[in-house]
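Written below as structure tokens is the structure these notes are about.
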Amino acid sequence: MEKTALAEMKDGRFARTDSIHRNSIGDPHFPPEHGRYLLVAAYACPWAHRCLIVRALYGLEQAIPLATTHSSWQLTRPNTDTHSGWIFAEPGTGPIVHPSGKNSIEIDEDCLTPPKSLGWKSVRDIYEMNGSTTTDLKFTVPILYDLKTNVIVNNESSEILRMLADPQLLGQFATKHQALHLYPVHLKTKIDGVNDFIYTQINDGVYKCGFSNTQNAYNIAATDLQAGLQRVEVILGKSRYLCTNDTITEADIRLFVTLIRHDEVYCVYFKTNHVPIVGATLFPNIVRYMQEILQFYPEIVHTIKMKHIKNHYYTSHPLLNPFGIVPKGPNVLQSLL
């Protein structure tokens with residue numbers, strides 16, 4: 001079977017597998033150090049986008065170097081197997097040809113290749129150098145990688161996010177928003193509760209809609225997604241942000257990465273057009289909320305690479321879009337700014 005997200009199916013339902021590299025900065029082998037840890041990410045991936053937002057919010061660009069993939073999945077071992085996944089591509093080396101052979105995807109300046117000494121051509125290389133094979137797991141981003149010992153520290157986005165934000169860990173190197181606490185002690189229980197339903201119904205909910213291969217599985221997922229968005233709409237009718245009226249928390253970041261992709265990608269590609277957000281009248285509080293986040297946190301704006309987002313989704317899954325045609329609109333980000 002082709003080793004992609006579409007392989008994670010159970011009874012017609014999309015069933016995401018867990019991350020397996022779960023070490024933490026602060027463990028004896030991984031002390032906080034400026035410049036030691038490389039963040040490997042994809043601007044297209046919402047899970048990686050969480051970490052890119054936190055890195056930008058806290059001004060950690062110098063402390064946490066970055067490598068970013070090309071937007072479109074490609075065969076990682078074309079002469080060996082059918083695994084398709086994230087690859088690294090050098091800007092200026094020409095476009096990448098879509099598997100259909102009919103279209104191509106450019107390599108732009110936002111593709112930041114890792115140090116050549118590491119020898120990585122794809123994200124798969126990172127995992128295989130750490131003992132994994134295609135039968136073990138997906139080769140996902142984000143990855144927090146230790147450049148000193150050459151091992152993966154962690155590949156779970158929610159945990160990397162907290163390491164970047166924690167002032168006792170990598171957050172100690174922050175140059176911006178030092179007073180911003182994304183997971184304050186007095187709000188932990190509330191944030192955890194909000195994260196739980198947002199992940200299940202919205203973050204993963206759109207994928208459950210898009211990758212369902214039975215009508216019943218899709219109907220259940222679509223109904224659950226709508227209920228999750230309506231719950232958020234009610235919360236935001238009473239509060240400026242999800243967990244507090246004063247400032248964003250990690251729950252807002254985790255929700256935002258899905259919201260910003262929704263109308264551009266998920267409405268079409270994942271068949272969630274029953275709940276359009278921007279430009280519709282279903283969720284006015286959510287629209288206001290998105291506008292406010294972008295207005296008050298311009299660092300977030302700079303992490304949104306919509307070309308990468310659209311190119312990835314529309315060109316990486318031949319079963320869903322055989323020729324890799326990328327729709328023209330809508331321009332959600334422009335409409336919100």
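So you can find residues: chains in the structure tokens are A, B, ... in the order shown, residues in each start at 1, and ligands are numbered from 1 in order.
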
At a cut-off of 10 Å, using only C-alpha atoms, what residues contact stretch 156-159 of chain A? Leave out same-chain residues fewer than 3 positions from it and give the result as a compact mmCIF listing (two decimals) with N, CA, C and O atoms, in the first residue's frame.
# COMPACT_ATOMS: atom_id res chain seq x y z
N ASP A 18 -0.32 7.77 16.11
CA ASP A 18 0.36 8.63 17.07
C ASP A 18 1.82 8.85 16.69
O ASP A 18 2.45 8.03 16.01
N SER A 19 2.37 9.97 17.15
CA SER A 19 3.80 10.23 17.03
C SER A 19 4.56 9.31 17.97
O SER A 19 4.03 8.91 19.02
N ILE A 20 5.82 8.98 17.63
CA ILE A 20 6.54 8.03 18.48
C ILE A 20 7.82 8.61 19.09
O ILE A 20 8.35 8.05 20.05
N HIS A 21 8.35 9.71 18.58
CA HIS A 21 9.55 10.32 19.17
C HIS A 21 9.08 11.37 20.18
O HIS A 21 8.62 12.43 19.80
N ARG A 22 9.24 11.06 21.47
CA ARG A 22 8.57 11.89 22.47
C ARG A 22 9.52 12.36 23.58
O ARG A 22 9.12 12.51 24.73
N ASN A 23 10.78 12.59 23.24
CA ASN A 23 11.71 13.16 24.21
C ASN A 23 11.42 14.65 24.38
O ASN A 23 10.72 15.25 23.57
N SER A 24 12.00 15.24 25.40
CA SER A 24 11.74 16.65 25.69
C SER A 24 13.03 17.42 25.90
O SER A 24 14.00 16.89 26.47
N ILE A 25 13.03 18.66 25.43
CA ILE A 25 14.08 19.57 25.85
C ILE A 25 13.97 19.73 27.37
O ILE A 25 12.89 19.89 27.90
N PRO A 46 -0.60 21.86 8.79
CA PRO A 46 -1.14 22.60 9.93
C PRO A 46 -0.48 22.24 11.25
O PRO A 46 -0.35 23.09 12.14
N TRP A 47 -0.04 21.00 11.39
CA TRP A 47 0.62 20.60 12.64
C TRP A 47 1.97 21.29 12.77
O TRP A 47 2.34 21.77 13.86
N ALA A 48 2.72 21.34 11.68
CA ALA A 48 3.99 22.07 11.69
C ALA A 48 3.76 23.57 11.83
O ALA A 48 4.57 24.27 12.47
N HIS A 49 2.68 24.07 11.26
CA HIS A 49 2.37 25.50 11.30
C HIS A 49 2.22 25.98 12.74
O HIS A 49 2.58 27.11 13.09
N ARG A 50 1.68 25.14 13.62
CA ARG A 50 1.59 25.50 15.04
C ARG A 50 2.96 25.94 15.56
O ARG A 50 3.09 26.95 16.25
N CYS A 51 3.97 25.13 15.24
CA CYS A 51 5.31 25.38 15.76
C CYS A 51 5.96 26.58 15.08
O CYS A 51 6.68 27.35 15.73
N THR A 140 6.53 12.22 9.26
CA THR A 140 5.78 13.45 9.43
C THR A 140 6.66 14.63 9.84
O THR A 140 7.77 14.48 10.33
N VAL A 141 6.11 15.82 9.66
CA VAL A 141 6.63 17.05 10.23
C VAL A 141 5.55 17.59 11.17
O VAL A 141 4.37 17.27 10.99
N PRO A 142 5.97 18.34 12.19
CA PRO A 142 7.31 18.86 12.47
C PRO A 142 8.20 17.84 13.15
O PRO A 142 7.73 16.86 13.72
N ILE A 143 9.49 18.15 13.09
CA ILE A 143 10.50 17.39 13.83
C ILE A 143 11.39 18.40 14.55
O ILE A 143 11.79 19.41 13.96
N LEU A 144 11.68 18.14 15.81
CA LEU A 144 12.72 18.89 16.51
C LEU A 144 13.93 17.99 16.56
O LEU A 144 13.89 16.88 17.12
N VAL A 153 14.64 14.57 18.51
CA VAL A 153 14.20 14.77 19.89
C VAL A 153 12.71 14.45 20.00
O VAL A 153 12.29 13.68 20.86
N ARG A 162 4.96 23.43 23.03
CA ARG A 162 5.15 23.80 24.44
C ARG A 162 6.62 24.00 24.78
O ARG A 162 6.97 24.87 25.59
N MET A 163 7.50 23.21 24.19
CA MET A 163 8.93 23.41 24.44
C MET A 163 9.40 24.76 23.93
O MET A 163 10.22 25.43 24.56
N LEU A 164 8.89 25.17 22.76
CA LEU A 164 9.26 26.46 22.20
C LEU A 164 8.74 27.62 23.04
O LEU A 164 9.37 28.68 23.13
N ALA A 165 7.58 27.42 23.65
CA ALA A 165 6.94 28.50 24.40
C ALA A 165 7.35 28.56 25.86
O ALA A 165 7.18 29.59 26.51
N ASN A 195 -8.62 22.18 23.84
CA ASN A 195 -7.77 21.48 22.88
C ASN A 195 -8.38 20.13 22.48
O ASN A 195 -8.33 19.73 21.31
N GLU A 250 -2.35 28.64 23.67
CA GLU A 250 -2.01 27.64 22.66
C GLU A 250 -3.26 27.08 21.99
O GLU A 250 -3.21 26.65 20.83
N ARG A 254 -3.72 26.41 17.94
CA ARG A 254 -4.09 25.09 17.42
C ARG A 254 -5.36 25.17 16.56
O ARG A 254 -5.50 24.45 15.57

Selection: 9 Å around A:Gly94, only C-alpha atoms, excl. self and same-chain fewer than 2 positions, as a ChimeraX atom specification: /A:90-92,96,105-107

Keeping only N, CA, C and O atoms, take the residues you just selected and write them out as a PDB file, in the first residue's frame.
ATOM      1  N   GLU A  90      15.962  22.675  -3.440  1.00  0.00           N
ATOM      2  CA  GLU A  90      16.775  23.895  -3.480  1.00  0.00           C
ATOM      3  C   GLU A  90      16.115  24.938  -4.363  1.00  0.00           C
ATOM      4  O   GLU A  90      15.843  24.686  -5.540  1.00  0.00           O
ATOM      5  N   PRO A  91      15.826  26.129  -3.817  1.00  0.00           N
ATOM      6  CA  PRO A  91      15.261  27.194  -4.662  1.00  0.00           C
ATOM      7  C   PRO A  91      16.164  27.472  -5.858  1.00  0.00           C
ATOM      8  O   PRO A  91      17.393  27.450  -5.753  1.00  0.00           O
ATOM      9  N   GLY A  92      15.528  27.718  -7.002  1.00  0.00           N
ATOM     10  CA  GLY A  92      16.279  28.022  -8.195  1.00  0.00           C
ATOM     11  C   GLY A  92      16.684  26.814  -9.010  1.00  0.00           C
ATOM     12  O   GLY A  92      17.339  26.951 -10.046  1.00  0.00           O
ATOM     13  N   ILE A  96       9.085  21.122  -9.750  1.00  0.00           N
ATOM     14  CA  ILE A  96       8.911  19.690  -9.539  1.00  0.00           C
ATOM     15  C   ILE A  96       7.706  19.239 -10.347  1.00  0.00           C
ATOM     16  O   ILE A  96       6.650  19.881 -10.328  1.00  0.00           O
ATOM     17  N   ILE A 105       5.105  22.118 -10.012  1.00  0.00           N
ATOM     18  CA  ILE A 105       4.995  22.965  -8.827  1.00  0.00           C
ATOM     19  C   ILE A 105       6.345  23.633  -8.604  1.00  0.00           C
ATOM     20  O   ILE A 105       7.377  22.956  -8.527  1.00  0.00           O
ATOM     21  N   GLU A 106       6.356  24.938  -8.481  1.00  0.00           N
ATOM     22  CA  GLU A 106       7.610  25.674  -8.377  1.00  0.00           C
ATOM     23  C   GLU A 106       8.318  25.417  -7.053  1.00  0.00           C
ATOM     24  O   GLU A 106       7.716  25.000  -6.065  1.00  0.00           O
ATOM     25  N   ILE A 107       9.602  25.664  -7.063  1.00  0.00           N
ATOM     26  CA  ILE A 107      10.418  25.634  -5.846  1.00  0.00           C
ATOM     27  C   ILE A 107      10.739  27.074  -5.508  1.00  0.00           C
ATOM     28  O   ILE A 107      11.513  27.729  -6.215  1.00  0.00           O
TER      29      ILE A 107
END

Name the residues of stretch 84-150 of chain A that fall into strand (DSSP E) according to DSSP on the backbone, using the chain letters and numbers of this document, as a PyMOL selection string. chain A and resi 84-85+96-97+104-105+143-146

Could you save those same residues with N, CA and C atoms as a PDB file, in the first residue's frame?
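Result went into result_32.pdb, see below:
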ATOM      1  N   SER A  84       5.317   8.187  -0.786  1.00  0.00           N
ATOM      2  CA  SER A  84       5.268   9.576  -1.225  1.00  0.00           C
ATOM      3  C   SER A  84       5.214  10.468   0.003  1.00  0.00           C
ATOM      4  N   GLY A  85       6.091  11.476   0.064  1.00  0.00           N
ATOM      5  CA  GLY A  85       6.121  12.310   1.254  1.00  0.00           C
ATOM      6  C   GLY A  85       6.908  13.592   1.047  1.00  0.00           C
ATOM      7  N   ILE A  96       9.085  21.122  -9.750  1.00  0.00           N
ATOM      8  CA  ILE A  96       8.911  19.690  -9.539  1.00  0.00           C
ATOM      9  C   ILE A  96       7.706  19.239 -10.347  1.00  0.00           C
ATOM     10  N   VAL A  97       7.849  18.140 -11.056  1.00  0.00           N
ATOM     11  CA  VAL A  97       6.784  17.657 -11.925  1.00  0.00           C
ATOM     12  C   VAL A  97       5.775  16.850 -11.116  1.00  0.00           C
ATOM     13  N   SER A 104       3.319  21.141 -13.009  1.00  0.00           N
ATOM     14  CA  SER A 104       4.511  21.232 -12.170  1.00  0.00           C
ATOM     15  C   SER A 104       4.282  22.227 -11.047  1.00  0.00           C
ATOM     16  N   ILE A 105       5.105  22.118 -10.012  1.00  0.00           N
ATOM     17  CA  ILE A 105       4.995  22.965  -8.827  1.00  0.00           C
ATOM     18  C   ILE A 105       6.345  23.633  -8.604  1.00  0.00           C
ATOM     19  N   ILE A 143       9.494  18.145  13.093  1.00  0.00           N
ATOM     20  CA  ILE A 143      10.505  17.394  13.831  1.00  0.00           C
ATOM     21  C   ILE A 143      11.386  18.404  14.547  1.00  0.00           C
ATOM     22  N   LEU A 144      11.680  18.137  15.806  1.00  0.00           N
ATOM     23  CA  LEU A 144      12.716  18.894  16.513  1.00  0.00           C
ATOM     24  C   LEU A 144      13.932  17.990  16.561  1.00  0.00           C
ATOM     25  N   TYR A 145      15.024  18.443  15.954  1.00  0.00           N
ATOM     26  CA  TYR A 145      16.197  17.599  15.727  1.00  0.00           C
ATOM     27  C   TYR A 145      17.408  18.174  16.443  1.00  0.00           C
ATOM     28  N   ASP A 146      18.161  17.309  17.108  1.00  0.00           N
ATOM     29  CA  ASP A 146      19.352  17.726  17.838  1.00  0.00           C
ATOM     30  C   ASP A 146      20.563  17.695  16.905  1.00  0.00           C
TER      31      ASP A 146
END

Residues of stretch 206-294 of chain A at most 8 Å from stretch 303-310 of chain A: nearest atom pair and distance in Å, only C-alpha atoms, as CSV:
residue,atom,partner,partner_atom,distance
A:Arg261,CA,A:Ile309,CA,7.4
A:Glu264,CA,A:Lys310,CA,7.2
A:Val265,CA,A:Lys310,CA,6.5

Apply DSSP to the backbone of this structure and, from stretch 184-257 of chain A, keep only the residues in helix (DSSP H, G or I); write these as a VMD selection string. chain A and resid 185 to 203 205 to 211 215 to 238 250 to 257

Polymer residues at most 7 Å from A:His177, only C-alpha atoms, same-chain spacing of 3 or more positions, as a PDB file with C-alpha atoms, in the first residue's frame:
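The result, stored in selection.pdb:
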ATOM      1  CA  LEU A  57       5.768  34.912  17.986  1.00  0.00           C
ATOM      2  CA  TYR A  58       8.682  34.603  20.382  1.00  0.00           C
ATOM      3  CA  LEU A 180       2.934  36.055  26.525  1.00  0.00           C
TER       4      LEU A 180
END

Neighbour list for A:Ala63 as a PyMOL selection string, cut-off 7 Å, only C-alpha atoms, skip fewer than 3 positions in-chain: chain A and resi 34-35+60+173

For the selection you just gave me, I'd like the residues written to a file as a CSV table (one decimal), in the first residue's frame, keeping N, CA, C and O atoms.
chain,number,residue,atom,x,y,z
A,34,HIS,N,21.0,27.5,22.8
A,34,HIS,CA,20.8,28.4,21.7
A,34,HIS,C,21.5,27.8,20.4
A,34,HIS,O,22.6,27.5,20.4
A,35,GLY,N,20.7,27.6,19.3
A,35,GLY,CA,21.2,27.1,18.1
A,35,GLY,C,21.4,25.6,17.9
A,35,GLY,O,21.8,25.2,16.9
A,60,LEU,N,12.2,33.5,17.9
A,60,LEU,CA,13.2,32.4,18.1
A,60,LEU,C,14.0,32.1,16.9
A,60,LEU,O,14.6,31.0,16.8
A,173,PHE,N,15.0,31.8,25.2
A,173,PHE,CA,15.7,32.5,24.2
A,173,PHE,C,14.8,33.5,23.4
A,173,PHE,O,15.2,34.1,22.4

What separation in Å, quoted to one decimal, exists between atom CA of A:Ser122 and atom CA of A:Phe88? 5.4 Å

Identify, on the basis of only C-alpha atoms, every residue whose closest approach to stretch 297-299 of chain A does not exceed 12 Å; exclude the query and any residue fewer than 2 positions from it along the same chain; express the result as a compact mmCIF listing (two decimals) with N, CA, C and O atoms, in the first residue's frame.
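Okay, part01.txt is ready:
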# COMPACT_ATOMS: atom_id res chain seq x y z
N LEU A 52 5.70 26.75 13.80
CA LEU A 52 6.22 27.92 13.09
C LEU A 52 5.66 29.20 13.68
O LEU A 52 6.36 30.22 13.79
N ILE A 53 4.38 29.18 14.06
CA ILE A 53 3.77 30.36 14.67
C ILE A 53 4.44 30.70 15.98
O ILE A 53 4.79 31.86 16.25
N VAL A 54 4.65 29.70 16.84
CA VAL A 54 5.26 29.96 18.15
C VAL A 54 6.70 30.45 17.98
O VAL A 54 7.14 31.37 18.67
N ARG A 55 7.43 29.82 17.08
CA ARG A 55 8.81 30.27 16.81
C ARG A 55 8.83 31.73 16.40
O ARG A 55 9.69 32.52 16.84
N ALA A 56 7.88 32.14 15.55
CA ALA A 56 7.83 33.53 15.09
C ALA A 56 7.34 34.47 16.18
O ALA A 56 7.88 35.58 16.35
N LEU A 57 6.31 34.06 16.93
CA LEU A 57 5.77 34.91 17.99
C LEU A 57 6.84 35.31 19.00
O LEU A 57 6.90 36.45 19.44
N TYR A 58 7.68 34.35 19.35
CA TYR A 58 8.68 34.60 20.38
C TYR A 58 10.03 35.07 19.81
O TYR A 58 10.98 35.25 20.56
N GLY A 59 10.09 35.27 18.50
CA GLY A 59 11.33 35.74 17.92
C GLY A 59 12.48 34.77 18.11
O GLY A 59 13.60 35.17 18.41
N LEU A 60 12.21 33.49 17.88
CA LEU A 60 13.20 32.45 18.11
C LEU A 60 13.97 32.07 16.85
O LEU A 60 14.63 31.02 16.82
N GLU A 61 13.91 32.90 15.84
CA GLU A 61 14.52 32.54 14.57
C GLU A 61 16.03 32.27 14.68
O GLU A 61 16.54 31.38 13.98
N LYS A 176 10.85 38.31 21.62
CA LYS A 176 9.58 39.02 21.50
C LYS A 176 8.55 38.39 22.43
O LYS A 176 8.66 37.23 22.78
N HIS A 177 7.56 39.18 22.78
CA HIS A 177 6.39 38.68 23.52
C HIS A 177 6.77 37.82 24.73
O HIS A 177 6.10 36.82 25.03
N LEU A 180 4.03 36.87 27.04
CA LEU A 180 2.93 36.06 26.52
C LEU A 180 3.10 34.62 27.00
O LEU A 180 4.08 33.95 26.68
N THR A 247 -5.93 37.45 26.11
CA THR A 247 -4.83 37.13 25.21
C THR A 247 -5.00 35.74 24.64
O THR A 247 -5.76 34.92 25.17
N ILE A 248 -4.27 35.46 23.57
CA ILE A 248 -4.34 34.12 23.00
C ILE A 248 -3.61 33.11 23.90
O ILE A 248 -2.72 33.47 24.67
N ILE A 253 -3.90 29.02 18.85
CA ILE A 253 -2.97 28.70 17.77
C ILE A 253 -3.36 27.38 17.13
O ILE A 253 -3.38 27.24 15.90
N TYR A 289 -12.76 36.90 15.16
CA TYR A 289 -11.64 36.32 15.92
C TYR A 289 -10.40 36.15 15.03
O TYR A 289 -9.29 36.53 15.43
N MET A 290 -10.59 35.62 13.83
CA MET A 290 -9.47 35.46 12.91
C MET A 290 -8.86 36.81 12.53
O MET A 290 -7.63 36.97 12.50
N GLN A 291 -9.71 37.78 12.27
CA GLN A 291 -9.23 39.11 11.92
C GLN A 291 -8.43 39.72 13.06
O GLN A 291 -7.38 40.35 12.85
N GLU A 292 -8.90 39.53 14.27
CA GLU A 292 -8.23 40.12 15.43
C GLU A 292 -6.87 39.48 15.67
O GLU A 292 -5.89 40.17 15.97
N ILE A 293 -6.79 38.18 15.54
CA ILE A 293 -5.51 37.50 15.72
C ILE A 293 -4.49 38.01 14.71
O ILE A 293 -3.34 38.31 15.06
N LEU A 294 -4.90 38.15 13.47
CA LEU A 294 -3.98 38.62 12.44
C LEU A 294 -3.58 40.08 12.65
O LEU A 294 -2.46 40.49 12.34
N GLN A 295 -4.51 40.87 13.18
CA GLN A 295 -4.22 42.29 13.42
C GLN A 295 -3.25 42.48 14.57
O GLN A 295 -2.31 43.28 14.47
N VAL A 301 0.96 36.38 10.62
CA VAL A 301 0.70 36.62 9.20
C VAL A 301 1.86 36.11 8.36
O VAL A 301 1.68 35.47 7.31
N HIS A 302 3.08 36.35 8.82
CA HIS A 302 4.26 36.00 8.03
C HIS A 302 4.51 34.50 7.96
O HIS A 302 5.31 34.05 7.14
N THR A 303 3.85 33.74 8.81
CA THR A 303 4.00 32.28 8.76
C THR A 303 3.00 31.62 7.82
O THR A 303 3.08 30.41 7.58
N ILE A 304 2.06 32.39 7.30
CA ILE A 304 1.01 31.83 6.44
C ILE A 304 1.47 31.90 4.99
O ILE A 304 1.50 32.97 4.38
N LEU A 337 -7.33 40.63 6.21
CA LEU A 337 -6.40 41.69 6.63
C LEU A 337 -6.96 43.07 6.39
O LEU A 337 -7.79 43.28 5.51

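The closest residue to A:Asp252, picked from A:Leu182, A:Val234, A:Leu319, A:Tyr314 and counting only C-alpha atoms, is A:Leu182.
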
So that each row is one residue of stretch 206-245 of chain A with an atom at most 12 Å from stretch 320-328 of chain A, can you give its shortest atom pair and the distance in Å to one decimal, using only C-alpha atoms, rows by chain and rising number, as a tab-separated table?
residue	atom	partner	partner_atom	distance
A:Gly210	CA	A:Leu320	CA	8.9
A:Phe211	CA	A:Leu320	CA	8.8
A:Ser212	CA	A:Leu320	CA	11.2
A:Asn213	CA	A:Leu320	CA	10.9

Can you pull out the residues contacting A:Leu225? Cut-off 10 Å, using only C-alpha atoms, and skip same-chain residues under 5 positions away; I want them as a VMD selection string. chain A and resid 198 200 to 209 219 to 220 230 to 231 272 274 to 275

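Proximity ranking of A:Asp27, A:Ser132, A:Asp246, A:His312 relative to A:Phe296 places A:Asp246 first, based on only C-alpha atoms.
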
Point-to-point distance from atom CA of A:Leu236 to atom CA of A:Lys190, Å rounded to tenths: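 Between atom CA of A:Leu236 and atom CA of A:Lys190 the gap works out to 14.6 Å.
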
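Reported to one decimal place, the separation of atom CA of A:Leu170 from atom CA of A:Gly26 is 9.0 Å.
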
Identify, on the basis of only C-alpha atoms, every residue whose closest approach to A:Val151 does not exceed 9 Å; exclude the query and any residue fewer than 6 positions from it along the same chain; express the result as number ranges by chain. A: 126, 129-130, 145

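Shortest atom-to-atom contact with A:Val232 among A:Phe139, A:Phe256, A:Tyr37, A:Trp120: A:Phe256, counting only C-alpha atoms.
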